[in-house]
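Undergrad: Quick one: this structure, given as structure tokens, is what I'll be asking you about.
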Amino acid sequence: MKRYFINDGEINVHITEWGNHNAPIIFCMHGLGSTSLSFIEIAEQVKEEYRIISIDAPGHGKTDPFLTADEYELPSLARWLNNIIEILQIEQFFFLSHSWGSFVSLFYLAEFPEKVLGTILIDGGYQSKRLKGQSMEEEVAYYEKDSEDYVETWDSFLTDAVYGEVSRRSSLLDIAAKDLVLEKDGKYYWHARGITGGNVIKGMHKHETADIFEKLPSDILLLRATLPKEQEDYRVMTSRIFEQKTGEKMKKILNTTHMLHWDNPDVVVDEIRKSWSSF
């Protein structure tokens, strides 16, 4: 694993990379509040077969935040991401994304389909703010307040903030967890600031992936979580809309939360090998 920075002309962007430079590329985009190490367990399993490039999104990890809220809107993020991909001299790649990263990936696919050989969405991209029933103002306020909360020990941060409902822990996930903390005056905060979270949420309310479902290319696989059970009705409704409008494949992964790739990294690795090994 190596980590380095590039500059896009305005901000410094932090990159994590695994694998052989000459192997097929898997490009990874994490979810809101996470970092490039979100995919560490998957990357460690497939690094002999692929070159894995994972970025810290703007305002996450060690990547600078954007200067304006508009830059976090999904069409703008897709164009920004294409600039990063060009700077990295990536001609074609497989796209692996989680949560908010999957929303970004779908907008990227709608505009730059010729660059993507295949896409796996990890419990993201199919959800709808319109159908969720929470106003943008309420959700933005939650993220802005949540970023100011803290705990007073590292163990509490791991238990409450990082793992939460995730069913398992590992030494590699503990490494990923260290990317998620901001320590100040003996207090442990979430690293991504509330202004970043709020701007991301505003962008997701303004631009729905459902509006571009019918424009998407083929070769998309959605891996959908099933826990907690009280959210299942919403997941069924929105994933059904996704399947109907895109014609893409969806697989329910039992006993997994929204952090599906942490609950069961092996199922993601299996799908990568089944879907992409023939290219």
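Naming works like this for the structure tokens: A, B, ... for the chains as they're shown, residue 1 at the start of each chain, ligands 1 onward in shown order.
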What's the 8 Å shell around stretch 213-221 of chain A, counting only C-alpha atoms, without same-chain residues fewer than 2 positions away, as a PyMOL selection string?

TA: chain A and resi 106+109-110+113+117-121+209-211+223+242+245-251

Undergrad: Can I get the selected residues back with N, CA, C and O atoms, as a short mmCIF file (atom, residue, chain, number, x, y, z; two decimals), in the first residue's frame?

TA:
```
data_model
loop_
_atom_site.label_atom_id
_atom_site.label_comp_id
_atom_site.auth_asym_id
_atom_site.auth_seq_id
_atom_site.Cartn_x
_atom_site.Cartn_y
_atom_site.Cartn_z
N LEU A 106 -22.54 6.99 -10.44
CA LEU A 106 -23.61 6.92 -11.43
C LEU A 106 -23.66 8.19 -12.28
O LEU A 106 -23.89 8.13 -13.49
N LEU A 109 -20.86 7.81 -14.67
CA LEU A 109 -21.21 6.87 -15.74
C LEU A 109 -22.11 7.51 -16.79
O LEU A 109 -21.99 7.21 -17.99
N ALA A 110 -23.02 8.36 -16.34
CA ALA A 110 -23.94 9.00 -17.28
C ALA A 110 -23.21 9.92 -18.25
O ALA A 110 -23.64 10.11 -19.39
N PRO A 113 -19.32 7.22 -19.94
CA PRO A 113 -19.50 5.76 -19.92
C PRO A 113 -18.38 5.00 -20.61
O PRO A 113 -18.11 3.84 -20.26
N LEU A 117 -15.36 0.03 -17.44
CA LEU A 117 -15.51 -1.34 -17.94
C LEU A 117 -16.59 -2.11 -17.19
O LEU A 117 -17.15 -3.07 -17.71
N GLY A 118 -16.87 -1.71 -15.97
CA GLY A 118 -17.87 -2.38 -15.15
C GLY A 118 -18.01 -1.65 -13.83
O GLY A 118 -17.07 -0.98 -13.39
N THR A 119 -19.18 -1.77 -13.20
CA THR A 119 -19.45 -1.01 -11.98
C THR A 119 -20.10 -1.90 -10.93
O THR A 119 -21.04 -2.63 -11.23
N ILE A 120 -19.59 -1.81 -9.70
CA ILE A 120 -20.24 -2.44 -8.55
C ILE A 120 -20.56 -1.35 -7.54
O ILE A 120 -19.67 -0.62 -7.09
N LEU A 121 -21.84 -1.25 -7.21
CA LEU A 121 -22.31 -0.29 -6.20
C LEU A 121 -22.51 -1.03 -4.89
O LEU A 121 -23.23 -2.03 -4.84
N THR A 209 -30.27 10.57 -8.40
CA THR A 209 -29.83 9.57 -9.37
C THR A 209 -31.02 8.97 -10.14
O THR A 209 -30.86 8.55 -11.29
N ALA A 210 -32.20 8.93 -9.51
CA ALA A 210 -33.37 8.38 -10.20
C ALA A 210 -33.65 9.11 -11.51
O ALA A 210 -34.21 8.52 -12.45
N ASP A 211 -33.25 10.36 -11.60
CA ASP A 211 -33.48 11.14 -12.81
C ASP A 211 -32.56 10.74 -13.96
O ASP A 211 -32.79 11.15 -15.10
N LEU A 223 -25.06 -4.24 -4.92
CA LEU A 223 -25.09 -5.12 -3.75
C LEU A 223 -25.82 -4.38 -2.65
O LEU A 223 -25.36 -3.33 -2.18
N PHE A 242 -34.82 1.22 -8.99
CA PHE A 242 -33.51 1.14 -9.64
C PHE A 242 -33.49 0.02 -10.68
O PHE A 242 -33.06 0.23 -11.83
N LYS A 245 -35.91 0.81 -13.78
CA LYS A 245 -35.53 1.92 -14.67
C LYS A 245 -34.17 1.69 -15.34
O LYS A 245 -33.93 2.22 -16.42
N THR A 246 -33.29 0.94 -14.69
CA THR A 246 -31.96 0.73 -15.27
C THR A 246 -31.84 -0.60 -16.00
O THR A 246 -31.00 -0.73 -16.90
N GLY A 247 -32.61 -1.59 -15.56
CA GLY A 247 -32.44 -2.93 -16.11
C GLY A 247 -31.20 -3.63 -15.58
O GLY A 247 -30.79 -4.68 -16.10
N GLU A 248 -30.58 -3.06 -14.53
CA GLU A 248 -29.35 -3.61 -13.98
C GLU A 248 -29.63 -4.72 -12.97
O GLU A 248 -30.78 -4.95 -12.57
N LYS A 249 -28.57 -5.39 -12.52
CA LYS A 249 -28.69 -6.49 -11.56
C LYS A 249 -28.59 -5.96 -10.14
O LYS A 249 -27.80 -5.06 -9.85
N MET A 250 -29.37 -6.57 -9.25
CA MET A 250 -29.31 -6.25 -7.83
C MET A 250 -29.25 -7.55 -7.04
O MET A 250 -29.96 -8.50 -7.35
N LYS A 251 -28.37 -7.59 -6.03
CA LYS A 251 -28.27 -8.75 -5.15
C LYS A 251 -28.41 -8.30 -3.71
O LYS A 251 -27.70 -7.40 -3.26
#
```

Undergrad: Using only C-alpha atoms, what does the table of stretch 181-251 of chain A residues within 10 Å of stretch 18-37 of chain A look like, with each row giving the shortest atom pair and its distance in Å to one decimal, sorted by chain and ascending number, as a tab-separated table?

TA:
```
residue	atom	partner	partner_atom	distance
A:Trp190	CA	A:Gly33	CA	7.9
A:His191	CA	A:Gly33	CA	7.5
A:Ala192	CA	A:Gly33	CA	5.5
A:Arg193	CA	A:Gly33	CA	8.5
A:Gly194	CA	A:Gly33	CA	9.7
A:Thr196	CA	A:Gly33	CA	8.8
A:Gly197	CA	A:Leu32	CA	7.0
A:Val200	CA	A:Leu32	CA	7.7
A:Ile201	CA	A:Leu32	CA	9.1
```

Undergrad: Could you write out that same residue set with N, CA and C atoms as a PDB file, in the first residue's frame?

TA:
```pdb
ATOM      1  N   TRP A 190     -15.163  13.134  14.683  1.00  0.00           N
ATOM      2  CA  TRP A 190     -15.162  12.603  13.319  1.00  0.00           C
ATOM      3  C   TRP A 190     -14.386  13.560  12.428  1.00  0.00           C
ATOM      4  N   HIS A 191     -13.554  12.997  11.532  1.00  0.00           N
ATOM      5  CA  HIS A 191     -12.626  13.824  10.766  1.00  0.00           C
ATOM      6  C   HIS A 191     -13.308  14.757   9.772  1.00  0.00           C
ATOM      7  N   ALA A 192     -14.386  14.309   9.126  1.00  0.00           N
ATOM      8  CA  ALA A 192     -15.059  15.130   8.117  1.00  0.00           C
ATOM      9  C   ALA A 192     -15.907  16.184   8.829  1.00  0.00           C
ATOM     10  N   ARG A 193     -15.735  17.433   8.440  1.00  0.00           N
ATOM     11  CA  ARG A 193     -16.416  18.531   9.123  1.00  0.00           C
ATOM     12  C   ARG A 193     -17.868  18.670   8.670  1.00  0.00           C
ATOM     13  N   GLY A 194     -18.658  19.313   9.521  1.00  0.00           N
ATOM     14  CA  GLY A 194     -20.078  19.456   9.254  1.00  0.00           C
ATOM     15  C   GLY A 194     -20.387  20.219   7.988  1.00  0.00           C
ATOM     16  N   THR A 196     -18.727  20.119   5.243  1.00  0.00           N
ATOM     17  CA  THR A 196     -18.590  19.175   4.132  1.00  0.00           C
ATOM     18  C   THR A 196     -19.816  18.276   4.042  1.00  0.00           C
ATOM     19  N   GLY A 197     -20.210  17.689   5.177  1.00  0.00           N
ATOM     20  CA  GLY A 197     -21.381  16.824   5.183  1.00  0.00           C
ATOM     21  C   GLY A 197     -22.627  17.558   4.725  1.00  0.00           C
ATOM     22  N   VAL A 200     -22.532  18.095   0.947  1.00  0.00           N
ATOM     23  CA  VAL A 200     -22.801  16.842   0.240  1.00  0.00           C
ATOM     24  C   VAL A 200     -24.297  16.548   0.226  1.00  0.00           C
ATOM     25  N   ILE A 201     -24.946  16.696   1.376  1.00  0.00           N
ATOM     26  CA  ILE A 201     -26.381  16.424   1.472  1.00  0.00           C
ATOM     27  C   ILE A 201     -27.181  17.380   0.584  1.00  0.00           C
TER      28      ILE A 201
END
```

Undergrad: Any idea what's packed within 10 Å of A:Thr68, counting only C-alpha atoms, ignoring anything in its chain fewer than 3 positions away? Could you give it as a ChimeraX atom specification?

TA: /A:65,71-72,196,199

Undergrad: Provide the atom CA of A:Leu227 to atom CA of A:Thr257 distance in Å, to one decimal place.

TA: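 Atom-to-atom, atom CA of A:Leu227 to atom CA of A:Thr257, that is 4.6 Å.
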
Undergrad: Atom CA of A:Tyr163 and atom CA of A:Asp179 are how many Å apart?

TA: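 The value is 13.3 Å.
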
Undergrad: Tell me, which residues of stretch 151-196 of chain A carry DSSP alpha helix (DSSP H), written as a list in words?

TA: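 Residues meeting the alpha helix (DSSP H) criterion: Trp154, Asp155, Ser156, Ser171, Leu172, Leu173, Asp174, Ile175, Ala176, Ala177, Lys178, Gly194, Ile195 and Thr196 of chain A.
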
Undergrad: So which residues of stretch 84-147 of chain A fall under strand (DSSP E or B) by DSSP, listed as a list of chain:residue names?

TA: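 So, restricting stretch 84-147 of chain A to strand (DSSP E or B), we get A:Phe93, A:Phe94, A:Phe95, A:Leu96, A:Ser97, A:His98, A:Val116, A:Leu117, A:Gly118, A:Thr119, A:Ile120, A:Leu121, A:Ile122.
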
Undergrad: Write a file of the just-selected residues containing all heavy atoms, as an mmCIF file, in the first residue's frame.

TA:
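Contents of the output file part_24.cif:
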```cif
data_model
loop_
_atom_site.group_PDB
_atom_site.id
_atom_site.type_symbol
_atom_site.label_atom_id
_atom_site.label_comp_id
_atom_site.auth_asym_id
_atom_site.auth_seq_id
_atom_site.Cartn_x
_atom_site.Cartn_y
_atom_site.Cartn_z
ATOM 1 N N PHE A 93 -11.247 1.740 -16.563
ATOM 2 C CA PHE A 93 -11.172 1.175 -15.217
ATOM 3 C C PHE A 93 -12.503 0.527 -14.834
ATOM 4 O O PHE A 93 -13.541 0.768 -15.455
ATOM 5 C CB PHE A 93 -10.820 2.267 -14.194
ATOM 6 C CG PHE A 93 -11.835 3.394 -14.117
ATOM 7 C CD1 PHE A 93 -12.841 3.388 -13.165
ATOM 8 C CD2 PHE A 93 -11.771 4.458 -15.014
ATOM 9 C CE1 PHE A 93 -13.766 4.414 -13.096
ATOM 10 C CE2 PHE A 93 -12.696 5.501 -14.948
ATOM 11 C CZ PHE A 93 -13.695 5.475 -13.988
ATOM 12 N N PHE A 94 -12.431 -0.295 -13.805
ATOM 13 C CA PHE A 94 -13.616 -0.815 -13.134
ATOM 14 C C PHE A 94 -13.923 0.121 -11.963
ATOM 15 O O PHE A 94 -13.010 0.595 -11.279
ATOM 16 C CB PHE A 94 -13.374 -2.234 -12.616
ATOM 17 C CG PHE A 94 -13.050 -3.220 -13.698
ATOM 18 C CD1 PHE A 94 -11.737 -3.628 -13.924
ATOM 19 C CD2 PHE A 94 -14.044 -3.740 -14.502
ATOM 20 C CE1 PHE A 94 -11.425 -4.541 -14.920
ATOM 21 C CE2 PHE A 94 -13.750 -4.652 -15.508
ATOM 22 C CZ PHE A 94 -12.434 -5.054 -15.715
ATOM 23 N N PHE A 95 -15.210 0.348 -11.714
ATOM 24 C CA PHE A 95 -15.618 1.320 -10.696
ATOM 25 C C PHE A 95 -16.237 0.576 -9.510
ATOM 26 O O PHE A 95 -17.246 -0.110 -9.650
ATOM 27 C CB PHE A 95 -16.640 2.293 -11.283
ATOM 28 C CG PHE A 95 -16.553 3.689 -10.737
ATOM 29 C CD1 PHE A 95 -16.915 4.777 -11.526
ATOM 30 C CD2 PHE A 95 -16.129 3.937 -9.443
ATOM 31 C CE1 PHE A 95 -16.842 6.078 -11.047
ATOM 32 C CE2 PHE A 95 -16.054 5.227 -8.948
ATOM 33 C CZ PHE A 95 -16.413 6.300 -9.746
ATOM 34 N N LEU A 96 -15.639 0.748 -8.332
ATOM 35 C CA LEU A 96 -16.158 0.181 -7.092
ATOM 36 C C LEU A 96 -16.463 1.332 -6.148
ATOM 37 O O LEU A 96 -15.581 2.140 -5.854
ATOM 38 C CB LEU A 96 -15.130 -0.766 -6.465
ATOM 39 C CG LEU A 96 -15.522 -1.424 -5.142
ATOM 40 C CD1 LEU A 96 -16.692 -2.390 -5.333
ATOM 41 C CD2 LEU A 96 -14.327 -2.157 -4.529
ATOM 42 N N SER A 97 -17.689 1.408 -5.664
ATOM 43 C CA SER A 97 -18.067 2.561 -4.848
ATOM 44 C C SER A 97 -19.028 2.153 -3.739
ATOM 45 O O SER A 97 -19.737 1.148 -3.834
ATOM 46 C CB SER A 97 -18.722 3.638 -5.721
ATOM 47 O OG SER A 97 -19.857 3.106 -6.390
ATOM 48 N N HIS A 98 -19.045 2.976 -2.686
ATOM 49 C CA HIS A 98 -19.915 2.725 -1.540
ATOM 50 C C HIS A 98 -20.736 3.973 -1.229
ATOM 51 O O HIS A 98 -20.228 5.087 -1.273
ATOM 52 C CB HIS A 98 -19.081 2.342 -0.309
ATOM 53 C CG HIS A 98 -19.890 2.259 0.948
ATOM 54 N ND1 HIS A 98 -19.629 3.027 2.059
ATOM 55 C CD2 HIS A 98 -20.970 1.496 1.269
ATOM 56 C CE1 HIS A 98 -20.503 2.739 3.006
ATOM 57 N NE2 HIS A 98 -21.328 1.813 2.561
ATOM 58 N N VAL A 116 -15.534 3.353 -18.350
ATOM 59 C CA VAL A 116 -15.828 2.405 -17.277
ATOM 60 C C VAL A 116 -16.142 1.026 -17.856
ATOM 61 O O VAL A 116 -17.070 0.862 -18.648
ATOM 62 C CB VAL A 116 -16.997 2.901 -16.406
ATOM 63 C CG1 VAL A 116 -17.235 1.937 -15.251
ATOM 64 C CG2 VAL A 116 -16.700 4.305 -15.871
ATOM 65 N N LEU A 117 -15.358 0.034 -17.443
ATOM 66 C CA LEU A 117 -15.515 -1.336 -17.940
ATOM 67 C C LEU A 117 -16.594 -2.106 -17.192
ATOM 68 O O LEU A 117 -17.150 -3.070 -17.707
ATOM 69 C CB LEU A 117 -14.181 -2.070 -17.816
ATOM 70 C CG LEU A 117 -13.019 -1.489 -18.616
ATOM 71 C CD1 LEU A 117 -11.704 -2.148 -18.198
ATOM 72 C CD2 LEU A 117 -13.259 -1.667 -20.100
ATOM 73 N N GLY A 118 -16.874 -1.709 -15.974
ATOM 74 C CA GLY A 118 -17.873 -2.381 -15.150
ATOM 75 C C GLY A 118 -18.005 -1.648 -13.832
ATOM 76 O O GLY A 118 -17.065 -0.983 -13.387
ATOM 77 N N THR A 119 -19.180 -1.771 -13.197
ATOM 78 C CA THR A 119 -19.451 -1.010 -11.977
ATOM 79 C C THR A 119 -20.098 -1.898 -10.930
ATOM 80 O O THR A 119 -21.042 -2.634 -11.235
ATOM 81 C CB THR A 119 -20.397 0.175 -12.272
ATOM 82 O OG1 THR A 119 -19.790 1.029 -13.244
ATOM 83 C CG2 THR A 119 -20.704 0.968 -11.016
ATOM 84 N N ILE A 120 -19.591 -1.814 -9.698
ATOM 85 C CA ILE A 120 -20.242 -2.444 -8.553
ATOM 86 C C ILE A 120 -20.556 -1.347 -7.536
ATOM 87 O O ILE A 120 -19.665 -0.615 -7.095
ATOM 88 C CB ILE A 120 -19.364 -3.532 -7.910
ATOM 89 C CG1 ILE A 120 -19.169 -4.699 -8.884
ATOM 90 C CG2 ILE A 120 -20.010 -4.045 -6.603
ATOM 91 C CD1 ILE A 120 -18.263 -5.802 -8.362
ATOM 92 N N LEU A 121 -21.841 -1.246 -7.206
ATOM 93 C CA LEU A 121 -22.311 -0.291 -6.204
ATOM 94 C C LEU A 121 -22.512 -1.032 -4.887
ATOM 95 O O LEU A 121 -23.231 -2.028 -4.843
ATOM 96 C CB LEU A 121 -23.641 0.333 -6.628
ATOM 97 C CG LEU A 121 -23.764 0.866 -8.061
ATOM 98 C CD1 LEU A 121 -25.204 1.301 -8.333
ATOM 99 C CD2 LEU A 121 -22.812 2.028 -8.287
ATOM 100 N N ILE A 122 -21.889 -0.548 -3.816
ATOM 101 C CA ILE A 122 -22.061 -1.157 -2.497
ATOM 102 C C ILE A 122 -23.083 -0.323 -1.723
ATOM 103 O O ILE A 122 -22.779 0.747 -1.210
ATOM 104 C CB ILE A 122 -20.733 -1.233 -1.731
ATOM 105 C CG1 ILE A 122 -19.692 -2.024 -2.543
ATOM 106 C CG2 ILE A 122 -20.936 -1.876 -0.363
ATOM 107 C CD1 ILE A 122 -18.297 -2.017 -1.929
#
```

Undergrad: Which of these residues is nearest to A:Ser135, using only C-alpha atoms: A:Met204, A:Ile241, A:Val269, A:Leu254?

TA: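 Closest to A:Ser135 of all the choices is A:Met204.
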
Undergrad: Would you kindly return, as a ChimeraX atom specification, each protein, DNA or RNA residue with an atom no farther than 10 Å from any atom of A:Ile11, considering only C-alpha atoms and excluding same-chain residues fewer than 3 positions away?

TA: /A:5-8,14,58,63-67

Undergrad: How would the residues just chosen look if you wrote them out with C-alpha atoms as a CSV table (one decimal), in the first residue's frame?

TA:
```
chain,number,residue,atom,x,y,z
A,5,PHE,CA,-0.9,13.5,-3.1
A,6,ILE,CA,-1.8,15.0,-6.4
A,7,ASN,CA,-3.0,18.5,-7.1
A,8,ASP,CA,-5.9,19.2,-9.4
A,14,HIS,CA,-4.9,12.2,-1.2
A,58,PRO,CA,-12.9,16.5,-1.1
A,63,THR,CA,-7.9,15.9,0.8
A,64,ASP,CA,-8.7,19.6,1.0
A,65,PRO,CA,-12.3,20.6,1.0
A,66,PHE,CA,-13.9,22.4,-2.0
A,67,LEU,CA,-14.1,26.2,-1.7
```

Undergrad: Mind pulling up the distance from atom CA of A:Tyr126 to atom CA of A:Ser102?

TA: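 Computed distance, atom CA of A:Ser102 to atom CA of A:Tyr126, equals 8.5 Å.
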
Undergrad: Would you list the contacts of A:Ala177 as a PyMOL selection string, taking every protein, DNA or RNA residue within 8 Å and counting only C-alpha atoms, but skipping same-chain residues closer than 3 positions in sequence?

TA: chain A and resi 158+162+173-174+180-181

Undergrad: Considering only C-alpha atoms, return as a list in words whatever protein or nucleic-acid residues lie within 10 Å of stretch 235-239 of chain A, sequence-local ones (same chain, fewer than 3 positions apart) excluded.

TA: Asp123, Gly124, Gly125, Tyr126, Gln127, Ser128, Leu131, Lys132, Ala210, Leu222, Arg224, Ala225, Thr226, Leu227, Lys229, Glu230, Gln231, Glu232, Phe242, Glu243, Gln244, Lys245, Met250, Lys251 and Lys252 of chain A

Undergrad: Please provide as an MDAnalysis selection string all residues within 8 Å of A:Ala78, with the sequence filter that same-chain residues fewer than 3 positions apart are discarded (counting only C-alpha atoms).

TA: chainID A and resid 74:75 81:82 104:105 107:108 111

Undergrad: Output the selection as a PDB file, in the first residue's frame - N, CA, C and O atoms for each residue.

TA:
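In the end it all went to selection.pdb:
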```pdb
ATOM      1  N   LEU A  74     -23.655  16.730  -7.555  1.00  0.00           N
ATOM      2  CA  LEU A  74     -23.229  15.477  -8.188  1.00  0.00           C
ATOM      3  C   LEU A  74     -22.729  15.632  -9.625  1.00  0.00           C
ATOM      4  O   LEU A  74     -21.701  15.033  -9.970  1.00  0.00           O
ATOM      5  N   PRO A  75     -23.362  16.401 -10.494  1.00  0.00           N
ATOM      6  CA  PRO A  75     -22.785  16.573 -11.841  1.00  0.00           C
ATOM      7  C   PRO A  75     -21.408  17.220 -11.796  1.00  0.00           C
ATOM      8  O   PRO A  75     -20.509  16.845 -12.557  1.00  0.00           O
ATOM      9  N   LEU A  81     -14.166  14.461 -10.846  1.00  0.00           N
ATOM     10  CA  LEU A  81     -13.582  13.125 -10.779  1.00  0.00           C
ATOM     11  C   LEU A  81     -12.920  12.753 -12.095  1.00  0.00           C
ATOM     12  O   LEU A  81     -11.843  12.137 -12.111  1.00  0.00           O
ATOM     13  N   ASN A  82     -13.515  13.145 -13.197  1.00  0.00           N
ATOM     14  CA  ASN A  82     -12.895  12.845 -14.487  1.00  0.00           C
ATOM     15  C   ASN A  82     -11.556  13.555 -14.636  1.00  0.00           C
ATOM     16  O   ASN A  82     -10.606  12.998 -15.205  1.00  0.00           O
ATOM     17  N   VAL A 104     -22.069   9.437  -6.824  1.00  0.00           N
ATOM     18  CA  VAL A 104     -21.088  10.113  -7.681  1.00  0.00           C
ATOM     19  C   VAL A 104     -20.763   9.244  -8.890  1.00  0.00           C
ATOM     20  O   VAL A 104     -20.688   9.718 -10.031  1.00  0.00           O
ATOM     21  N   SER A 105     -20.577   7.946  -8.652  1.00  0.00           N
ATOM     22  CA  SER A 105     -20.184   7.045  -9.741  1.00  0.00           C
ATOM     23  C   SER A 105     -21.265   6.966 -10.820  1.00  0.00           C
ATOM     24  O   SER A 105     -20.949   6.895 -12.014  1.00  0.00           O
ATOM     25  N   PHE A 107     -23.443   9.349 -11.657  1.00  0.00           N
ATOM     26  CA  PHE A 107     -23.385  10.577 -12.453  1.00  0.00           C
ATOM     27  C   PHE A 107     -22.154  10.566 -13.358  1.00  0.00           C
ATOM     28  O   PHE A 107     -22.206  11.091 -14.482  1.00  0.00           O
ATOM     29  N   TYR A 108     -21.067   9.977 -12.880  1.00  0.00           N
ATOM     30  CA  TYR A 108     -19.888   9.837 -13.731  1.00  0.00           C
ATOM     31  C   TYR A 108     -20.204   8.936 -14.934  1.00  0.00           C
ATOM     32  O   TYR A 108     -19.870   9.255 -16.079  1.00  0.00           O
ATOM     33  N   GLU A 111     -22.083  10.487 -17.806  1.00  0.00           N
ATOM     34  CA  GLU A 111     -21.358  11.450 -18.641  1.00  0.00           C
ATOM     35  C   GLU A 111     -20.135  10.856 -19.327  1.00  0.00           C
ATOM     36  O   GLU A 111     -19.773  11.267 -20.434  1.00  0.00           O
TER      37      GLU A 111
END
```
